[in-house]
Each structure stands twice: as C-alpha cells, then as structure tokens.
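Each remark here refers to the structure printed beneath this line.
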Amino acid sequence: MNGETVIDIRHLKTSFFSKKTELPVVDDVSFSVHKGETLAIVGESGSGKSMTALSIMRLVPTPNGEIVDGEIYFNDRDLLKQKEKEMFKVRGNEISMIFQEPMTSLNPVYTIGDQIREQLTYHQDITRREAHQIGIEMLQTVGFSRAKEIMGEYPHRLSGGMRQRVMIAMALSNNPQLLIADEPTTALDVTVQAQILELMQKLSKEYDSAIILITHDLGVVAELAERVVVMYGGQVVEEAPIDELFDDPLHPYSEGLLNSIPKIEGTQDRLDSIPGTVPTPDNLPVGCNFVTRCPYAMELCQQEEPRLMDKDSSRKVRCFLHEEGIATDGQQHRSS
Amino acid sequence: MTTYIIRRILMTIPILIGISIISFGIMQFAPGEPTALDLDPNISPEDREEQLDEMGLNDPIPVQYVRWAGNILQGELGTSFITNRDVGSMIWERLPNTLVLMISSTIMTMIVAIPIGIISAMRQYSARDYVFTFASFIGVSIPNFWLGLMLIIFLSVQLSLFPVGGVGTLGGDFDILDRLHHLFLPALVLATADMAQMTRYTRTSMLEVKNQDYIRTARAKGFKERRVVYKHGLRNALMPLITMFGLLLPTFIGGSVVVEQIFTWPGIGHLFLESTFQRDYPVIMALTMFGAGLVVVGNLIADILYAIVDPRIEY
C-alpha cells in the first residue's frame, strides 16, 4: 500500500431498528482507502454495500437506521464524532457521492446549471458567475461538447448516461478527496457503462481522488479497481488486491462470485451460480453468515463466527478454512 | 406559452355554455316565481299573468334562455326583478367585499397549511404530526356555520375581542386596522376546512417527495436540512398542491354564501342567498355564471402555475 490513507473505517456497525429488535446491516466492517486509489466493494444485493457508503456520509436513513459503533477516520478526524454541522462541510465537498439512479438523482425542477452552481457556491466562496464558469469546465471535462447549453437544460431533457455524467461533474466540482460511487453504471446500458467507467478512471487519475466503487459487477471491478473488498451479509468476507482475488479467491463466497461470471472459452453447459440468496439481517444464521450457502461448510462454521484476519500483508479473509496456524487477533487487522 | 393560454381560454367557452344551460334549466324548474313574494297579495290572477308576460317569464324556457344569453353576450346582465336595479352594478358594489374575504382566506390557508404539512411530513408519526393530523380532521369535520356561530358567541359576544359582523365599524371612516379586525373571523371560518385539507395534501405530497433520490442527492451535496426541504423538496411537492388549489378556489364561493350570512358580510354570497329566496332570476344567473367563471379561472391559473413550476410540462 502506498500513499497516505484518505479514509480508514474501523469496526463500523450500522443497524436498523424495528420496534425493539436491532438488525445489523453493516457489521464490523473495516477497510481503508489511500490517495489516488480505487477500492471496489462487491457483493450481492443486500450485502450492506450501500449502507456502508451511506454510513461514511452519515446519511443512513432516519429514523430507523443508526450507526451503532465504529470509527471512520477521514484525514485523521473521526467523522462519527463530528457534529452534524461539520458534516455539512464534508459532504459534497471533501467526500462526494454518485448514486445508482441517474434518472431520478437530479432535481427535476432545476436546471443542470442551477444544480452545479449551487453545489459550488455553497461550499466555496465564489460568485455565481465564477461558479458558472467552473460548471461549464466541469461539464466539458466529463465529455459534453455543448457544455454551455447543457447548463441551461433541465434533467428530463438528458439521457441516463448524460445525467450520470452530470452527477460525476457535480460530484467532482469541489475537488473531493474521496468519491463514493454507488453502482454508478447499473442503471445504464452496456455501451454507456463502458464510457462512464472510462471517464471515472480518467478523472480519478486527473484529480487524484480516492474512489470507493460499489458494484455487484465484477467486470466493472476488474476494469477500475486496484483493491477489492467482498461483502456478504453486512460483513467484509475478503479483502484483496484485484489480481490476487481473480487468480486465487480465498473465501468460498468470492470463489462463487467469480465462478458465476460466464466464460467465453471452454464448453460449459450451465452457468455456475451460488445456491440460495443472501439472508436478510433478521434471518442471519448462527455461526458464519455464509454457512447456509457454502459448499465447504464444516461443523465449526455452524457454531462460531469466523473473524476477519490477515492472510498476508495485503489480503484478509473471514473464513475458518484459512484460519489454521494464523494468529487470529481480529482486533488488530488494520493494514499498515 | 401565450398560445397555450389562449387555447385554454377558448376551451372554457363550451364549458361555460354548458353550465349556463344546465343552471338556467334547473333554476326554472325550481318551484316559485319572482311574483310570489314581492307583489300585492290582492292582485288579480289576470294582472299577475300580465306581470309575468311583461317579464317574459311565460315564454318557453329555450326562448328565455336564448334571450338571456343574447343579452349576456352584449354585456347586459339584466335588471333585478326585485330591486329594479342593474344586476351588473349590484354585483360590482359587493364584489370587492367578497374578493377581500376570499383572498385573505386563501392567504391564511397557504400560510398555515403548507408549513404545518411540511413539518408533519418531515416528522412523520411524531407527536407533533399526530396533533396536526387530529386538528386537521377536526377542521375538515366542523361545519363552517357552526364554527362561525361559536366564534361569534365566545370571541365576539362573551370576550368582546372581535366585532360580531359587518365589514367595518358603522359610520366610521375607512380604517385599515378596523377592517382587518372585522375581516379576521369571517376569513378564518371560510378558510378552516380548506386549511385542514391543504395540510393533509401538503403532508402527503411532501412525504412522497422526501424519499426521492434527488433529496438524497441534495443531502449528499452537503446542504443543510432547511435548504434540502424548502428548496429541493417543496418546489416538487408544490405541483399536486397547485391542482388542489385550483379545485379549492370555487369552494370559497359556496363557503362565502354561509359565512357572509353569519357575519352579515355584504358580499356576493349574501346577495346570492337573498336573490335565490326571492327568485330573482337575473341575479341568480349572473352570480351562477360568475361562480362558474371563477371555477374555470381557478383551473386556468392552476394549469399556468403548473407549467411554470414544472419544466417537464410541454404545451
């Protein structure tokens, strides 16, 4: 790992409360992202990826959701200890977020220009005119040739791909240190997906922002990310550099995910899939969360919960299969 | 935009014609006639027939309608059977009172309903929300004549806080404070039901908006709650409210008939009731058409506002 750490998440736990039962949707999640790095969080729907992202922004839906435990160090400040007032300066300024649904993520009653300028003038001490100029430049950066006209357009006049570009332009307009992209290409068609990914890759280099890319598409991961965090049932089950994960997945779930990718070569009749679905937070099994779907499940897996531990300097895994002979001090798994 | 407005205005013409035919018919089918009340009871049946002939009331109804419509088109509202005065000037001198009442009620409704609706929605299922919900059900359920009478009894008669009725102190000079003092209770009573309804509509509308993706975007951009709610939420929540507003406007006419009666407010609602009792057909028809016009104008305003607030609407 090189470069300084931009964000360091430790033992994050976010829960939803219904009546008096606590349903953990993010459970003991730890990882960190360095400057200029792209970290991917992968997992099926319901694995807690989006909630992790919203927890970083401290935008977990109220009143039911709540961050229960953990620390999120951003520039050596614990975001979870900041007052709400401080968070207004962080969101959209130091940490920006792009969402899955470009069609509905822009406010339909304001022009693109209004929305970009608002974000700029809100966080920076500049005039409307300067903001307008920066807005045009940002739109050009994300690939609009008619940037000036686009500033005056309403969102409904733009396609999904264009709106996502606008979202990216808006997210990057204040030069954030961290960009969280929550499934930025899921709602777009395939050709547009490639363009958006390319754009994000280009911009992350240009702006030297760290990126947390949330996706369930391993193709996207391979394209963009340097490191991958695999989440399952609200927990991190594996963390690895991208190549190592693809070559040699440690956790049975990661293996299952990789096997589910259709392969062009070879004669495969059926597509592999992981049997079953992600258990809901109120229905997690005793022991390992993955035990009900794991092909290698042992007796131990049904009794105890494995801990996330370092496999080597760059890899972590939460599985008993890899536990023998390794110090299992789950409290000190922060990478250095 | 201009062509859109012109087209909308042209579309109202058949509506108004339809309304006029129906209300003219219904009015004629109602029992009683203008001669029944006002004239000498000892009048001979022959003289009475002559009277009706003179008024044109013995002609077939379609003939009467065409004659009336012809006059209307020439801007001639007719002469009152009872007062023998020009209907136009009778309405004209009472119209300002009613408009003042209606406009104040509208403003009151908006000022109260929108903020309360927003608070209710943003704090859904909180104690405050329940209190407002309860209050608005009461507001919708209370008949305005009863509320008016109760307010007069308690606030005006017993506590002497407000005048019992009228637009201003009799014999006094024009005094804006005095006028407002007289205006408050009637406007409040007229507004109560609409306030309650609008609160509910605002709440529903805002509840829908608050879970939209663009609200989450606004939060993620670091905006403070107030900006998120009022700038990014409210404008979107306004759209269904504008439609409701267009529909509520005409209810003021019905409401003003009752409220003006209770507060002896010399407006057109008062006039409407009087003329109906006296079968003063020209006045009734003129006021009905005025009401119909107001409905049409209310909807027109709503459509235009709609197009202004929502850029997605093409015309």
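Letters A, B, ... mark the chains of the structure tokens in the order given; residue numbers begin at 1 per chain; ligand numbers begin at 1, in order shown.
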Problem - Near-Asp27 (chain A) list (9 Å; only C-alpha atoms; drop same-chain fewer than 6 positions) as a count of residues only - result: 10
Handout entry: Check: which chain B residues lie within 8 Å of chain A using only C-alpha atoms, as a PyMOL selection string
Key = chain B and resi 212-217+219-224+232+235-236+309-312
So that I have them on file, write out the residues from the current selection with N, CA and C atoms, as an mmCIF file, in the first residue's frame.
```
data_model
loop_
_atom_site.group_PDB
_atom_site.id
_atom_site.type_symbol
_atom_site.label_atom_id
_atom_site.label_comp_id
_atom_site.auth_asym_id
_atom_site.auth_seq_id
_atom_site.Cartn_x
_atom_site.Cartn_y
_atom_site.Cartn_z
ATOM 1 N N GLN B 212 -37.483 10.789 -2.328
ATOM 2 C CA GLN B 212 -36.980 10.769 -3.698
ATOM 3 C C GLN B 212 -35.458 10.792 -3.723
ATOM 4 N N ASP B 213 -34.913 10.250 -4.812
ATOM 5 C CA ASP B 213 -33.456 10.185 -4.936
ATOM 6 C C ASP B 213 -32.812 11.572 -4.939
ATOM 7 N N TYR B 214 -33.487 12.554 -5.544
ATOM 8 C CA TYR B 214 -32.839 13.870 -5.621
ATOM 9 C C TYR B 214 -32.742 14.549 -4.264
ATOM 10 N N ILE B 215 -33.573 14.120 -3.324
ATOM 11 C CA ILE B 215 -33.453 14.649 -1.968
ATOM 12 C C ILE B 215 -32.195 14.078 -1.319
ATOM 13 N N ARG B 216 -31.961 12.781 -1.559
ATOM 14 C CA ARG B 216 -30.739 12.161 -1.056
ATOM 15 C C ARG B 216 -29.526 12.837 -1.697
ATOM 16 N N THR B 217 -29.635 13.142 -2.988
ATOM 17 C CA THR B 217 -28.538 13.840 -3.659
ATOM 18 C C THR B 217 -28.271 15.180 -2.978
ATOM 19 N N ARG B 219 -28.842 16.050 0.026
ATOM 20 C CA ARG B 219 -28.178 15.824 1.313
ATOM 21 C C ARG B 219 -26.714 15.482 1.088
ATOM 22 N N ALA B 220 -26.468 14.640 0.082
ATOM 23 C CA ALA B 220 -25.090 14.220 -0.193
ATOM 24 C C ALA B 220 -24.246 15.393 -0.672
ATOM 25 N N LYS B 221 -24.913 16.430 -1.185
ATOM 26 C CA LYS B 221 -24.163 17.613 -1.605
ATOM 27 C C LYS B 221 -23.819 18.486 -0.404
ATOM 28 N N GLY B 222 -24.270 18.101 0.753
ATOM 29 C CA GLY B 222 -23.889 18.796 1.970
ATOM 30 C C GLY B 222 -24.829 19.918 2.377
ATOM 31 N N PHE B 223 -26.008 19.984 1.740
ATOM 32 C CA PHE B 223 -26.922 21.073 2.075
ATOM 33 C C PHE B 223 -27.561 20.836 3.425
ATOM 34 N N LYS B 224 -27.827 21.946 4.094
ATOM 35 C CA LYS B 224 -28.487 21.846 5.387
ATOM 36 C C LYS B 224 -29.940 21.460 5.191
ATOM 37 N N HIS B 232 -35.233 22.094 -2.324
ATOM 38 C CA HIS B 232 -35.273 20.941 -3.219
ATOM 39 C C HIS B 232 -36.550 20.127 -3.079
ATOM 40 N N ARG B 235 -40.517 22.666 -3.834
ATOM 41 C CA ARG B 235 -40.923 23.015 -5.194
ATOM 42 C C ARG B 235 -41.507 21.807 -5.924
ATOM 43 N N ASN B 236 -40.963 20.631 -5.624
ATOM 44 C CA ASN B 236 -41.517 19.428 -6.224
ATOM 45 C C ASN B 236 -42.844 19.051 -5.597
ATOM 46 N N VAL B 309 -44.074 25.992 -12.666
ATOM 47 C CA VAL B 309 -43.310 25.286 -11.634
ATOM 48 C C VAL B 309 -42.619 24.052 -12.192
ATOM 49 N N ASP B 310 -43.286 23.327 -13.073
ATOM 50 C CA ASP B 310 -42.716 22.072 -13.564
ATOM 51 C C ASP B 310 -42.206 22.216 -14.991
ATOM 52 N N PRO B 311 -40.885 22.244 -15.158
ATOM 53 C CA PRO B 311 -40.328 22.437 -16.506
ATOM 54 C C PRO B 311 -40.609 21.262 -17.435
ATOM 55 N N ARG B 312 -41.054 20.139 -16.869
ATOM 56 C CA ARG B 312 -41.275 18.977 -17.723
ATOM 57 C C ARG B 312 -42.564 19.096 -18.521
#
```
Practice task
Please provide the set of residues having any atom within 10 Å of Leu241 (chain B), restricted to only C-alpha atoms, with same-chain residues fewer than 6 positions apart removed, written as number ranges by chain.
Solution key: B: 114, 198-199, 201-202, 204-205, 247, 302, 306
Handout entry: CA of Pro266 (chain B) to CA of Gly166 (chain B), straight-line distance in Å
Key =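 Separation between CA of Gly166 (chain B) and CA of Pro266 (chain B): 7.2 Å.
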Exercise for the section: Could you pull out the residues in region 126-285 of chain A that DSSP calls strand (DSSP E) from the backbone, as a list in words? Expected result: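 Strand (DSSP E) members of region 126-285 of chain A, listed: Leu178, Leu179, Ile180, Ala181, Asp182, Ala210, Ile211, Ile212, Leu213, Ile214, Thr215, Arg227, Val228, Val229, Val230, Met231, Tyr232, Gln235, Val236, Val237, Glu238, Glu239, Ala240 and Pro241 of chain A.
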Exercise for the section: Tell me, as number ranges by chain, which residues lie within 7 Å of Pro281 (chain A), counting only C-alpha atoms; anything in the same chain fewer than 2 positions away does not count. Expected result: A: 23-25, 279, 283-284
Practice task
Would you list the contacts of Leu155 (chain B) as a list in words, taking every protein, DNA or RNA residue within 10 Å and counting only C-alpha atoms, but skipping same-chain residues closer than 6 positions in sequence?
Solution key: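 In the requested format, the answer is Leu149, Leu161, Phe162, Pro163, Val164 and Leu185 of chain B.
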Could the residues in this selection be written to a file with C-alpha atoms, as a PDB file, in the first residue's frame?
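Contents of the output file part.pdb:
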```
ATOM      1  CA  LEU B 149     -71.576  30.928  15.374  1.00  0.00           C
ATOM      2  CA  LEU B 161     -62.425  40.500  21.165  1.00  0.00           C
ATOM      3  CA  PHE B 162     -63.915  40.779  17.710  1.00  0.00           C
ATOM      4  CA  PRO B 163     -66.874  42.559  16.160  1.00  0.00           C
ATOM      5  CA  VAL B 164     -69.978  40.463  15.611  1.00  0.00           C
ATOM      6  CA  LEU B 185     -63.149  35.881  11.924  1.00  0.00           C
TER       7      LEU B 185
END
```
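Checking A:Thr62, A:Ser18, A:Ser50, A:Ser159 one by one against Arg123 (chain B), counting only C-alpha atoms, you find the shortest gap at A:Thr62.
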Handout entry: Within 9 Å of Gly298 (chain B) using only C-alpha atoms, minus same-chain residues under 4 positions, as a list of chain:residue names
Key = B:Phe245, B:Gly246, B:Leu247, B:Leu248, B:Leu249, B:Pro250, B:Gly293, B:Leu294, B:Ala302, B:Asp303
Save the residues we just selected, C-alpha atoms, as a CSV table (one decimal), in the first residue's frame?
```csv
chain,number,residue,atom,x,y,z
B,245,PHE,CA,-55.6,24.9,-5.0
B,246,GLY,CA,-57.4,25.2,-8.3
B,247,LEU,CA,-60.1,22.9,-7.1
B,248,LEU,CA,-60.4,24.6,-3.7
B,249,LEU,CA,-60.9,28.1,-5.1
B,250,PRO,CA,-64.5,27.5,-6.1
B,293,GLY,CA,-66.2,31.7,-14.3
B,294,LEU,CA,-64.3,31.5,-11.1
B,302,ALA,CA,-53.6,26.2,-11.7
B,303,ASP,CA,-52.6,25.0,-15.2
```
